[in-house]
Amino acid sequence: MTETSSPALVVEDLYKRFGNLEVLKGISLTAFEGDVISIIGSSGSGKTTLLRCINLLDIPDSGRVYVGDELIRMKTIAKGKIIPESPRQVDRIRTRLGMVFQHFNLWSHMTILENIIEAPVHVLKQPKKEAIARAMEILDKVGIVDKVKYYPANLSGGQQQRAAIARVLAMDPEVILFDEPTSALDPELVGEVLQVIEKLVSEGRTMLIATHEMGFARDVSSTVMFLHQGCVEEQGPPEKIFSNPSSARCRQFLARFF
Ligand SMILES: Nc1ncnc2c1ncn2[C@@H]1O[C@H](COP(=O)(O)OP(=O)(O)OP(=O)(O)O)[C@@H](O)[C@H]1O
Ligand SMILES: [Mg+2]
């Protein structure tokens with residue numbers, strides 16, 4: 001974050017429940033341009049749900065999300081339930097927010113190149129030739145340009161995740177949401193994916209990263225947010241959170257890793 005940067009993403013007082021289970025209980029955060037916010041916390045604390053509510057893969061029960069200065073408009077229907085007011089706005093917002101999933105979610109019936117150019121060509125209406133040229137540049141950046149004609153099933157997990165990151169980069173989103181991007185990988189493949197994410201950090205990309213890779217979170221984050229049972233229990237700069245957390249729960253959680 002620089003003094004001149006402006007918010008790329010603002011979340012205000014987000015609540016989400018599944019049936020009787022309250023999963024998010026009033027989460028707020030602001031990511032300025034270039035911020036890298038790591039979201040840490042035990043399994044079930046709400047990390048994935050938070051990311052999914054931000055890009056409306058799950059619909060929050062209440063709260064507001066702004067991408068840049070654009071509010072995602074919601075409307076109230078029966079029993080106080082809210083839904084997006086405009087599906088068109090949601091589609092547009094989703095082009096501005098990239099999401100990288102734990103299990104890659106590449107389209108298995110498409111080659112890596114087809115996976116990457118699909119949205120730029122069909123959603124952003126880029127000329128195919130231009131989209132291919134850009135895809136090749138991005139694949140080079142993530143180190144799998146030689147896999148362009150392969151199908152996802154023929155790539156290692158680390159290569160598939162790098163392809164998934166390339167697919168997000170092809171849309172040039174303002175904010176990238178990562179949901180435990182390395183936790184489905186064999187340990188020897190984790191490093192190659194983290195290296196790609198580090199490259200994006202050094203390019204000044206704005207990112208939210210739910211992760212269990214504490215060393216990585218400590219090294220790359222501008223802010224670390226510790227979630228506990230759907231609340232922000234503690235947040236702050238990594239130096240503070242990892243060396244001297246105020247919350248006993250946070251300290252207890254981190255003790256498992258260090
Ligand atoms: N679609 C759903 N329906 C019902 N319950 C859900 C749903 N999605 C998540 N939950 C519940 O919400 C809680 C938070 O889940 P979430 O996946 O956000 O946790 P998490 O912090 O990402 O955990 P992990 O570290 O294991 O990925 C869990 O108790 C989970 O079972
Ligand atoms: Mg999760």
# chains A, B, ... in the order shown; residues from 1 in each chain; ligands from 1
$ closest_atom_pairs --of "chain A" --to "ligand 2" --cutoff "8 Å" --atoms "only C-alpha atoms and all ligand atoms" --output "CSV"
residue,atom,partner,partner_atom_place_in_ligand_line,distance
A:Ser43,CA,ligand 2,1 (Mg),6.7
A:Gly44,CA,ligand 2,1 (Mg),7.0
A:Gly46,CA,ligand 2,1 (Mg),7.0
A:Lys47,CA,ligand 2,1 (Mg),5.4
A:Thr48,CA,ligand 2,1 (Mg),4.0
A:Thr49,CA,ligand 2,1 (Mg),7.2
A:Asp179,CA,ligand 2,1 (Mg),6.5
A:Glu180,CA,ligand 2,1 (Mg),6.8
A:Ala210,CA,ligand 2,1 (Mg),7.4
$ closest_atom_pairs --of "chain A" --to "ligand 1" --cutoff "12 Å" --atoms "only C-alpha atoms and all ligand atoms" --output "JSON lines"
{"residue": "A:Tyr15", "atom": "CA", "partner": "ligand 1", "partner_atom_place_in_ligand_line": "12 (O)", "distance": 11.8}
{"residue": "A:Lys16", "atom": "CA", "partner": "ligand 1", "partner_atom_place_in_ligand_line": "12 (O)", "distance": 8.9}
{"residue": "A:Arg17", "atom": "CA", "partner": "ligand 1", "partner_atom_place_in_ligand_line": "12 (O)", "distance": 7.7}
{"residue": "A:Phe18", "atom": "CA", "partner": "ligand 1", "partner_atom_place_in_ligand_line": "4 (C)", "distance": 4.8}
{"residue": "A:Gly19", "atom": "CA", "partner": "ligand 1", "partner_atom_place_in_ligand_line": "4 (C)", "distance": 7.1}
{"residue": "A:Asn20", "atom": "CA", "partner": "ligand 1", "partner_atom_place_in_ligand_line": "5 (N)", "distance": 9.2}
{"residue": "A:Leu21", "atom": "CA", "partner": "ligand 1", "partner_atom_place_in_ligand_line": "12 (O)", "distance": 7.1}
{"residue": "A:Glu22", "atom": "CA", "partner": "ligand 1", "partner_atom_place_in_ligand_line": "12 (O)", "distance": 7.7}
{"residue": "A:Val23", "atom": "CA", "partner": "ligand 1", "partner_atom_place_in_ligand_line": "12 (O)", "distance": 5.2}
{"residue": "A:Leu24", "atom": "CA", "partner": "ligand 1", "partner_atom_place_in_ligand_line": "14 (C)", "distance": 8.0}
{"residue": "A:Lys25", "atom": "CA", "partner": "ligand 1", "partner_atom_place_in_ligand_line": "14 (C)", "distance": 11.3}
{"residue": "A:Ile39", "atom": "CA", "partner": "ligand 1", "partner_atom_place_in_ligand_line": "21 (O)", "distance": 8.9}
{"residue": "A:Ile40", "atom": "CA", "partner": "ligand 1", "partner_atom_place_in_ligand_line": "21 (O)", "distance": 7.8}
{"residue": "A:Gly41", "atom": "CA", "partner": "ligand 1", "partner_atom_place_in_ligand_line": "21 (O)", "distance": 6.3}
{"residue": "A:Ser42", "atom": "CA", "partner": "ligand 1", "partner_atom_place_in_ligand_line": "25 (O)", "distance": 5.7}
{"residue": "A:Ser43", "atom": "CA", "partner": "ligand 1", "partner_atom_place_in_ligand_line": "25 (O)", "distance": 3.4}
{"residue": "A:Gly44", "atom": "CA", "partner": "ligand 1", "partner_atom_place_in_ligand_line": "19 (O)", "distance": 3.4}
{"residue": "A:Ser45", "atom": "CA", "partner": "ligand 1", "partner_atom_place_in_ligand_line": "21 (O)", "distance": 4.0}
{"residue": "A:Gly46", "atom": "CA", "partner": "ligand 1", "partner_atom_place_in_ligand_line": "18 (O)", "distance": 3.3}
{"residue": "A:Lys47", "atom": "CA", "partner": "ligand 1", "partner_atom_place_in_ligand_line": "21 (O)", "distance": 3.8}
{"residue": "A:Thr48", "atom": "CA", "partner": "ligand 1", "partner_atom_place_in_ligand_line": "22 (O)", "distance": 3.7}
{"residue": "A:Thr49", "atom": "CA", "partner": "ligand 1", "partner_atom_place_in_ligand_line": "18 (O)", "distance": 3.7}
{"residue": "A:Leu50", "atom": "CA", "partner": "ligand 1", "partner_atom_place_in_ligand_line": "18 (O)", "distance": 6.4}
{"residue": "A:Leu51", "atom": "CA", "partner": "ligand 1", "partner_atom_place_in_ligand_line": "18 (O)", "distance": 8.2}
{"residue": "A:Arg52", "atom": "CA", "partner": "ligand 1", "partner_atom_place_in_ligand_line": "18 (O)", "distance": 8.3}
{"residue": "A:Cys53", "atom": "CA", "partner": "ligand 1", "partner_atom_place_in_ligand_line": "18 (O)", "distance": 9.7}
{"residue": "A:Leu57", "atom": "CA", "partner": "ligand 1", "partner_atom_place_in_ligand_line": "1 (N)", "distance": 10.1}
{"residue": "A:Asp58", "atom": "CA", "partner": "ligand 1", "partner_atom_place_in_ligand_line": "1 (N)", "distance": 7.9}
{"residue": "A:Ile59", "atom": "CA", "partner": "ligand 1", "partner_atom_place_in_ligand_line": "1 (N)", "distance": 10.5}
{"residue": "A:Pro60", "atom": "CA", "partner": "ligand 1", "partner_atom_place_in_ligand_line": "1 (N)", "distance": 11.8}
{"residue": "A:Phe101", "atom": "CA", "partner": "ligand 1", "partner_atom_place_in_ligand_line": "27 (O)", "distance": 10.7}
{"residue": "A:Gln102", "atom": "CA", "partner": "ligand 1", "partner_atom_place_in_ligand_line": "27 (O)", "distance": 8.8}
{"residue": "A:His103", "atom": "CA", "partner": "ligand 1", "partner_atom_place_in_ligand_line": "27 (O)", "distance": 11.5}
{"residue": "A:Phe178", "atom": "CA", "partner": "ligand 1", "partner_atom_place_in_ligand_line": "22 (O)", "distance": 11.2}
{"residue": "A:Asp179", "atom": "CA", "partner": "ligand 1", "partner_atom_place_in_ligand_line": "22 (O)", "distance": 7.7}
{"residue": "A:Glu180", "atom": "CA", "partner": "ligand 1", "partner_atom_place_in_ligand_line": "27 (O)", "distance": 7.3}
{"residue": "A:Pro181", "atom": "CA", "partner": "ligand 1", "partner_atom_place_in_ligand_line": "27 (O)", "distance": 10.7}
{"residue": "A:Thr182", "atom": "CA", "partner": "ligand 1", "partner_atom_place_in_ligand_line": "27 (O)", "distance": 11.6}
{"residue": "A:Ser183", "atom": "CA", "partner": "ligand 1", "partner_atom_place_in_ligand_line": "27 (O)", "distance": 9.1}
{"residue": "A:Ala184", "atom": "CA", "partner": "ligand 1", "partner_atom_place_in_ligand_line": "27 (O)", "distance": 10.8}
{"residue": "A:Ile209", "atom": "CA", "partner": "ligand 1", "partner_atom_place_in_ligand_line": "22 (O)", "distance": 11.2}
{"residue": "A:Ala210", "atom": "CA", "partner": "ligand 1", "partner_atom_place_in_ligand_line": "22 (O)", "distance": 7.6}
{"residue": "A:Thr211", "atom": "CA", "partner": "ligand 1", "partner_atom_place_in_ligand_line": "25 (O)", "distance": 7.9}
{"residue": "A:His212", "atom": "CA", "partner": "ligand 1", "partner_atom_place_in_ligand_line": "25 (O)", "distance": 7.6}
{"residue": "A:Glu213", "atom": "CA", "partner": "ligand 1", "partner_atom_place_in_ligand_line": "25 (O)", "distance": 11.3}
{"residue": "A:Met225", "atom": "CA", "partner": "ligand 1", "partner_atom_place_in_ligand_line": "21 (O)", "distance": 12.0}
{"residue": "A:Phe226", "atom": "CA", "partner": "ligand 1", "partner_atom_place_in_ligand_line": "21 (O)", "distance": 10.2}
{"residue": "A:Leu227", "atom": "CA", "partner": "ligand 1", "partner_atom_place_in_ligand_line": "21 (O)", "distance": 7.8}
{"residue": "A:His228", "atom": "CA", "partner": "ligand 1", "partner_atom_place_in_ligand_line": "21 (O)", "distance": 8.6}
{"residue": "A:Gln229", "atom": "CA", "partner": "ligand 1", "partner_atom_place_in_ligand_line": "14 (C)", "distance": 7.9}
{"residue": "A:Gly230", "atom": "CA", "partner": "ligand 1", "partner_atom_place_in_ligand_line": "14 (C)", "distance": 7.6}
{"residue": "A:Cys231", "atom": "CA", "partner": "ligand 1", "partner_atom_place_in_ligand_line": "21 (O)", "distance": 11.0}
{"residue": "A:Val232", "atom": "CA", "partner": "ligand 1", "partner_atom_place_in_ligand_line": "21 (O)", "distance": 11.9}
$ residues_around --residues "segment 188-195 of chain A" --least-positions-apart "2" --cutoff "7 Å" --atoms "only C-alpha atoms" --output "PyMOL selection string"
chain A and resi 158+161-162+182+185-186+197-199
$ write_last_selection --atoms "C-alpha atoms" --output "PDB file, in the first residue's frame"
ATOM      1  CA  GLY A 158       1.574 -27.624  -9.551  1.00  0.00           C
ATOM      2  CA  GLN A 161      -2.494 -24.565 -10.451  1.00  0.00           C
ATOM      3  CA  ARG A 162      -0.087 -22.377 -12.439  1.00  0.00           C
ATOM      4  CA  THR A 182      -1.274 -24.933  -2.526  1.00  0.00           C
ATOM      5  CA  LEU A 185      -0.531 -30.138  -3.845  1.00  0.00           C
ATOM      6  CA  ASP A 186       2.151 -32.673  -3.018  1.00  0.00           C
ATOM      7  CA  ILE A 197       2.357 -15.870  -6.453  1.00  0.00           C
ATOM      8  CA  GLU A 198       5.492 -14.098  -5.179  1.00  0.00           C
ATOM      9  CA  LYS A 199       6.029 -12.765  -8.701  1.00  0.00           C
TER      10      LYS A 199
END
$ select_by_dssp --residues "segment 96-235 of chain A" --states "strand (DSSP E)" --output "list in words"
Leu97, Gly98, Met99, Val100, Val175, Ile176, Leu177, Phe178, Asp179, Thr206, Met207, Leu208, Ile209, Ala210, Thr223, Val224, Met225, Phe226, Leu227, His228, Cys231, Val232, Glu233, Glu234 and Gln235 of chain A
$ closest_residue --among "A:Glu203, A:Asp69, A:Asp219, A:Glu174" --to "Pro238 of chain A" --atoms "only C-alpha atoms"
A:Asp219
$ residues_around --residues "segment 239-242 of chain A" --least-positions-apart "6" --cutoff "9 Å" --atoms "only C-alpha atoms" --output "PyMOL selection string"
chain A and resi 214+218+223-226+250-251+254
$ residues_around --residues "segment 70-84 of chain A" --least-positions-apart "5" --cutoff "8 Å" --atoms "only C-alpha atoms" --output "NGL selection string"
:A and (59-62 or 64-65 or 89-90 or 93)
$ write_last_selection --atoms "N, CA and C atoms" --output "PDB file, in the first residue's frame"
ATOM      1  N   ILE A  59     -23.979 -16.052  -1.585  1.00  0.00           N
ATOM      2  CA  ILE A  59     -24.604 -14.741  -1.397  1.00  0.00           C
ATOM      3  C   ILE A  59     -24.623 -14.427   0.098  1.00  0.00           C
ATOM      4  N   PRO A  60     -23.987 -13.333   0.505  1.00  0.00           N
ATOM      5  CA  PRO A  60     -24.000 -13.001   1.930  1.00  0.00           C
ATOM      6  C   PRO A  60     -25.424 -12.684   2.394  1.00  0.00           C
ATOM      7  N   ASP A  61     -25.657 -12.814   3.699  1.00  0.00           N
ATOM      8  CA  ASP A  61     -26.980 -12.477   4.241  1.00  0.00           C
ATOM      9  C   ASP A  61     -27.121 -10.980   4.432  1.00  0.00           C
ATOM     10  N   SER A  62     -26.009 -10.336   4.770  1.00  0.00           N
ATOM     11  CA  SER A  62     -26.017  -8.875   4.832  1.00  0.00           C
ATOM     12  C   SER A  62     -24.579  -8.389   4.756  1.00  0.00           C
ATOM     13  N   ARG A  64     -21.814  -5.289   2.795  1.00  0.00           N
ATOM     14  CA  ARG A  64     -21.559  -4.650   1.510  1.00  0.00           C
ATOM     15  C   ARG A  64     -20.162  -4.997   0.995  1.00  0.00           C
ATOM     16  N   VAL A  65     -20.055  -5.108  -0.328  1.00  0.00           N
ATOM     17  CA  VAL A  65     -18.756  -5.316  -0.977  1.00  0.00           C
ATOM     18  C   VAL A  65     -18.613  -4.252  -2.060  1.00  0.00           C
ATOM     19  N   GLN A  89     -24.461  -6.758 -13.393  1.00  0.00           N
ATOM     20  CA  GLN A  89     -23.390  -6.148 -12.598  1.00  0.00           C
ATOM     21  C   GLN A  89     -22.498  -7.241 -12.000  1.00  0.00           C
ATOM     22  N   VAL A  90     -23.131  -8.327 -11.531  1.00  0.00           N
ATOM     23  CA  VAL A  90     -22.354  -9.419 -10.934  1.00  0.00           C
ATOM     24  C   VAL A  90     -21.381  -9.992 -11.975  1.00  0.00           C
ATOM     25  N   ILE A  93     -18.607  -7.499 -12.384  1.00  0.00           N
ATOM     26  CA  ILE A  93     -17.736  -7.469 -11.203  1.00  0.00           C
ATOM     27  C   ILE A  93     -16.817  -8.687 -11.203  1.00  0.00           C
TER      28      ILE A  93
END
$ residues_around --residues "Ser108 of chain A" --least-positions-apart "2" --cutoff "10 Å" --atoms "only C-alpha atoms" --output "PyMOL selection string"
chain A and resi 105-106+110-112+115+151-154
$ write_last_selection --atoms "N, CA and C atoms" --output "PDB file, in the first residue's frame"
ATOM      1  N   ASN A 105      -9.906 -26.156 -10.626  1.00  0.00           N
ATOM      2  CA  ASN A 105     -11.139 -25.897 -11.381  1.00  0.00           C
ATOM      3  C   ASN A 105     -10.893 -25.517 -12.834  1.00  0.00           C
ATOM      4  N   LEU A 106      -9.901 -26.139 -13.445  1.00  0.00           N
ATOM      5  CA  LEU A 106      -9.729 -25.944 -14.891  1.00  0.00           C
ATOM      6  C   LEU A 106     -10.817 -26.733 -15.618  1.00  0.00           C
ATOM      7  N   MET A 110     -10.920 -28.920 -22.097  1.00  0.00           N
ATOM      8  CA  MET A 110     -10.220 -27.904 -22.904  1.00  0.00           C
ATOM      9  C   MET A 110      -8.722 -27.997 -22.647  1.00  0.00           C
ATOM     10  N   THR A 111      -7.942 -27.672 -23.683  1.00  0.00           N
ATOM     11  CA  THR A 111      -6.488 -27.609 -23.487  1.00  0.00           C
ATOM     12  C   THR A 111      -6.180 -26.411 -22.582  1.00  0.00           C
ATOM     13  N   ILE A 112      -4.925 -26.347 -22.150  1.00  0.00           N
ATOM     14  CA  ILE A 112      -4.520 -25.230 -21.295  1.00  0.00           C
ATOM     15  C   ILE A 112      -4.749 -23.905 -22.028  1.00  0.00           C
ATOM     16  N   ASN A 115      -8.413 -23.117 -22.101  1.00  0.00           N
ATOM     17  CA  ASN A 115      -8.834 -22.675 -20.776  1.00  0.00           C
ATOM     18  C   ASN A 115      -8.535 -21.189 -20.580  1.00  0.00           C
ATOM     19  N   TYR A 151      -3.971 -31.215 -22.057  1.00  0.00           N
ATOM     20  CA  TYR A 151      -5.199 -31.150 -21.272  1.00  0.00           C
ATOM     21  C   TYR A 151      -4.826 -31.172 -19.789  1.00  0.00           C
ATOM     22  N   PRO A 152      -5.653 -30.556 -18.932  1.00  0.00           N
ATOM     23  CA  PRO A 152      -5.309 -30.474 -17.510  1.00  0.00           C
ATOM     24  C   PRO A 152      -4.906 -31.814 -16.889  1.00  0.00           C
ATOM     25  N   ALA A 153      -5.608 -32.892 -17.274  1.00  0.00           N
ATOM     26  CA  ALA A 153      -5.340 -34.198 -16.647  1.00  0.00           C
ATOM     27  C   ALA A 153      -3.894 -34.657 -16.877  1.00  0.00           C
ATOM     28  N   ASN A 154      -3.252 -34.116 -17.893  1.00  0.00           N
ATOM     29  CA  ASN A 154      -1.880 -34.544 -18.190  1.00  0.00           C
ATOM     30  C   ASN A 154      -0.820 -33.629 -17.576  1.00  0.00           C
TER      31      ASN A 154
END
$ select_by_dssp --residues "segment 22-241 of chain A" --states "helix (DSSP H, G or I)" --output "ChimeraX atom specification"
/A:47-54,78-80,87-96,112-122,128-141,145-147,152-154,157-169,187-202,214-220,238-241
$ write_last_selection --atoms "C-alpha atoms" --output "CSV table (one decimal), in the first residue's frame"
chain,number,residue,atom,x,y,z
A,47,LYS,CA,-11.9,-18.3,5.1
A,48,THR,CA,-13.4,-19.9,2.0
A,49,THR,CA,-16.9,-18.6,2.7
A,50,LEU,CA,-15.5,-15.1,3.0
A,51,LEU,CA,-13.8,-15.3,-0.4
A,52,ARG,CA,-16.9,-16.9,-2.0
A,53,CYS,CA,-19.1,-14.1,-0.6
A,54,ILE,CA,-16.8,-11.4,-2.0
A,78,ALA,CA,-38.8,-12.1,1.3
A,79,LYS,CA,-37.8,-12.5,5.0
A,80,GLY,CA,-35.0,-10.0,4.8
A,87,PRO,CA,-27.0,-10.2,-12.6
A,88,ARG,CA,-25.3,-8.1,-15.2
A,89,GLN,CA,-23.4,-6.1,-12.6
A,90,VAL,CA,-22.4,-9.4,-10.9
A,91,ASP,CA,-21.0,-10.7,-14.3
A,92,ARG,CA,-19.1,-7.5,-14.8
A,93,ILE,CA,-17.7,-7.5,-11.2
A,94,ARG,CA,-16.6,-11.1,-11.6
A,95,THR,CA,-14.4,-10.0,-14.5
A,96,ARG,CA,-12.7,-7.6,-12.1
A,112,ILE,CA,-4.5,-25.2,-21.3
A,113,LEU,CA,-4.6,-22.6,-24.0
A,114,GLU,CA,-8.3,-23.0,-24.5
A,115,ASN,CA,-8.8,-22.7,-20.8
A,116,ILE,CA,-6.9,-19.4,-20.7
A,117,ILE,CA,-8.4,-17.7,-23.8
A,118,GLU,CA,-12.1,-18.8,-23.1
A,119,ALA,CA,-13.1,-15.8,-20.9
A,120,PRO,CA,-11.0,-13.1,-22.7
A,121,VAL,CA,-12.5,-14.1,-26.0
A,122,HIS,CA,-16.1,-14.8,-24.9
A,128,LYS,CA,-8.8,-14.6,-30.6
A,129,LYS,CA,-5.3,-13.9,-32.1
A,130,GLU,CA,-4.7,-11.2,-29.5
A,131,ALA,CA,-5.9,-13.4,-26.7
A,132,ILE,CA,-3.6,-16.3,-27.8
A,133,ALA,CA,-0.6,-13.9,-27.9
A,134,ARG,CA,-1.4,-12.7,-24.4
A,135,ALA,CA,-2.0,-16.2,-23.1
A,136,MET,CA,1.5,-17.3,-24.4
A,137,GLU,CA,3.1,-14.4,-22.6
A,138,ILE,CA,1.3,-15.3,-19.4
A,139,LEU,CA,2.1,-19.0,-19.7
A,140,ASP,CA,5.7,-18.1,-20.1
A,141,LYS,CA,5.5,-16.0,-16.9
A,145,VAL,CA,4.5,-22.3,-22.0
A,146,ASP,CA,5.5,-25.9,-23.2
A,147,LYS,CA,2.1,-27.2,-21.9
A,152,PRO,CA,-5.3,-30.5,-17.5
A,153,ALA,CA,-5.3,-34.2,-16.6
A,154,ASN,CA,-1.9,-34.5,-18.2
A,157,GLY,CA,-1.0,-30.4,-9.7
A,158,GLY,CA,1.6,-27.6,-9.6
A,159,GLN,CA,1.4,-27.1,-13.3
A,160,GLN,CA,-2.5,-27.2,-13.2
A,161,GLN,CA,-2.5,-24.6,-10.5
A,162,ARG,CA,-0.1,-22.4,-12.4
A,163,ALA,CA,-2.4,-22.8,-15.4
A,164,ALA,CA,-5.3,-21.7,-13.2
A,165,ILE,CA,-3.4,-18.6,-12.1
A,166,ALA,CA,-2.6,-17.9,-15.8
A,167,ARG,CA,-6.3,-18.1,-16.6
A,168,VAL,CA,-7.1,-15.5,-13.9
A,169,LEU,CA,-4.2,-13.3,-15.1
A,187,PRO,CA,4.7,-30.9,-0.8
A,188,GLU,CA,7.4,-30.9,-3.6
A,189,LEU,CA,5.0,-28.9,-5.9
A,190,VAL,CA,4.1,-26.2,-3.4
A,191,GLY,CA,7.2,-24.1,-4.0
A,192,GLU,CA,6.6,-23.6,-7.7
A,193,VAL,CA,3.2,-22.2,-7.1
A,194,LEU,CA,4.3,-20.0,-4.3
A,195,GLN,CA,7.0,-18.6,-6.5
A,196,VAL,CA,4.5,-17.6,-9.1
A,197,ILE,CA,2.4,-15.9,-6.5
A,198,GLU,CA,5.5,-14.1,-5.2
A,199,LYS,CA,6.0,-12.8,-8.7
A,200,LEU,CA,2.5,-11.3,-8.6
A,201,VAL,CA,3.3,-9.8,-5.2
A,202,SER,CA,6.3,-8.0,-6.6
A,214,MET,CA,2.4,-19.5,7.4
A,215,GLY,CA,6.0,-18.9,6.3
A,216,PHE,CA,4.7,-17.6,3.0
A,217,ALA,CA,2.1,-15.4,4.6
A,218,ARG,CA,4.7,-13.9,6.9
A,219,ASP,CA,7.0,-13.2,3.9
A,220,VAL,CA,4.6,-11.7,1.4
A,238,PRO,CA,2.9,-9.9,9.6
A,239,GLU,CA,5.8,-8.8,11.9
A,240,LYS,CA,3.3,-8.2,14.7
A,241,ILE,CA,1.0,-11.2,14.1
$ atom_distance --atom1 "atom CA of Met171 of chain A" --atom2 "atom CA of Gly98 of chain A"
7.6 Å
$ closest_residue --among "A:Lys125, A:Ser243, A:Leu29, A:Leu155" --to "Phe258 of chain A" --atoms "only C-alpha atoms"
A:Ser243
$ atom_distance --atom1 "atom CA of Gly26 of chain A" --atom2 "atom CA of Val11 of chain A"
9.6 Å
$ residues_around --residues "Pro7 of chain A" --least-positions-apart "4" --cutoff "12 Å" --atoms "only C-alpha atoms" --output "ChimeraX atom specification"
/A:1-3,11,29-35,65-70,174-175,206
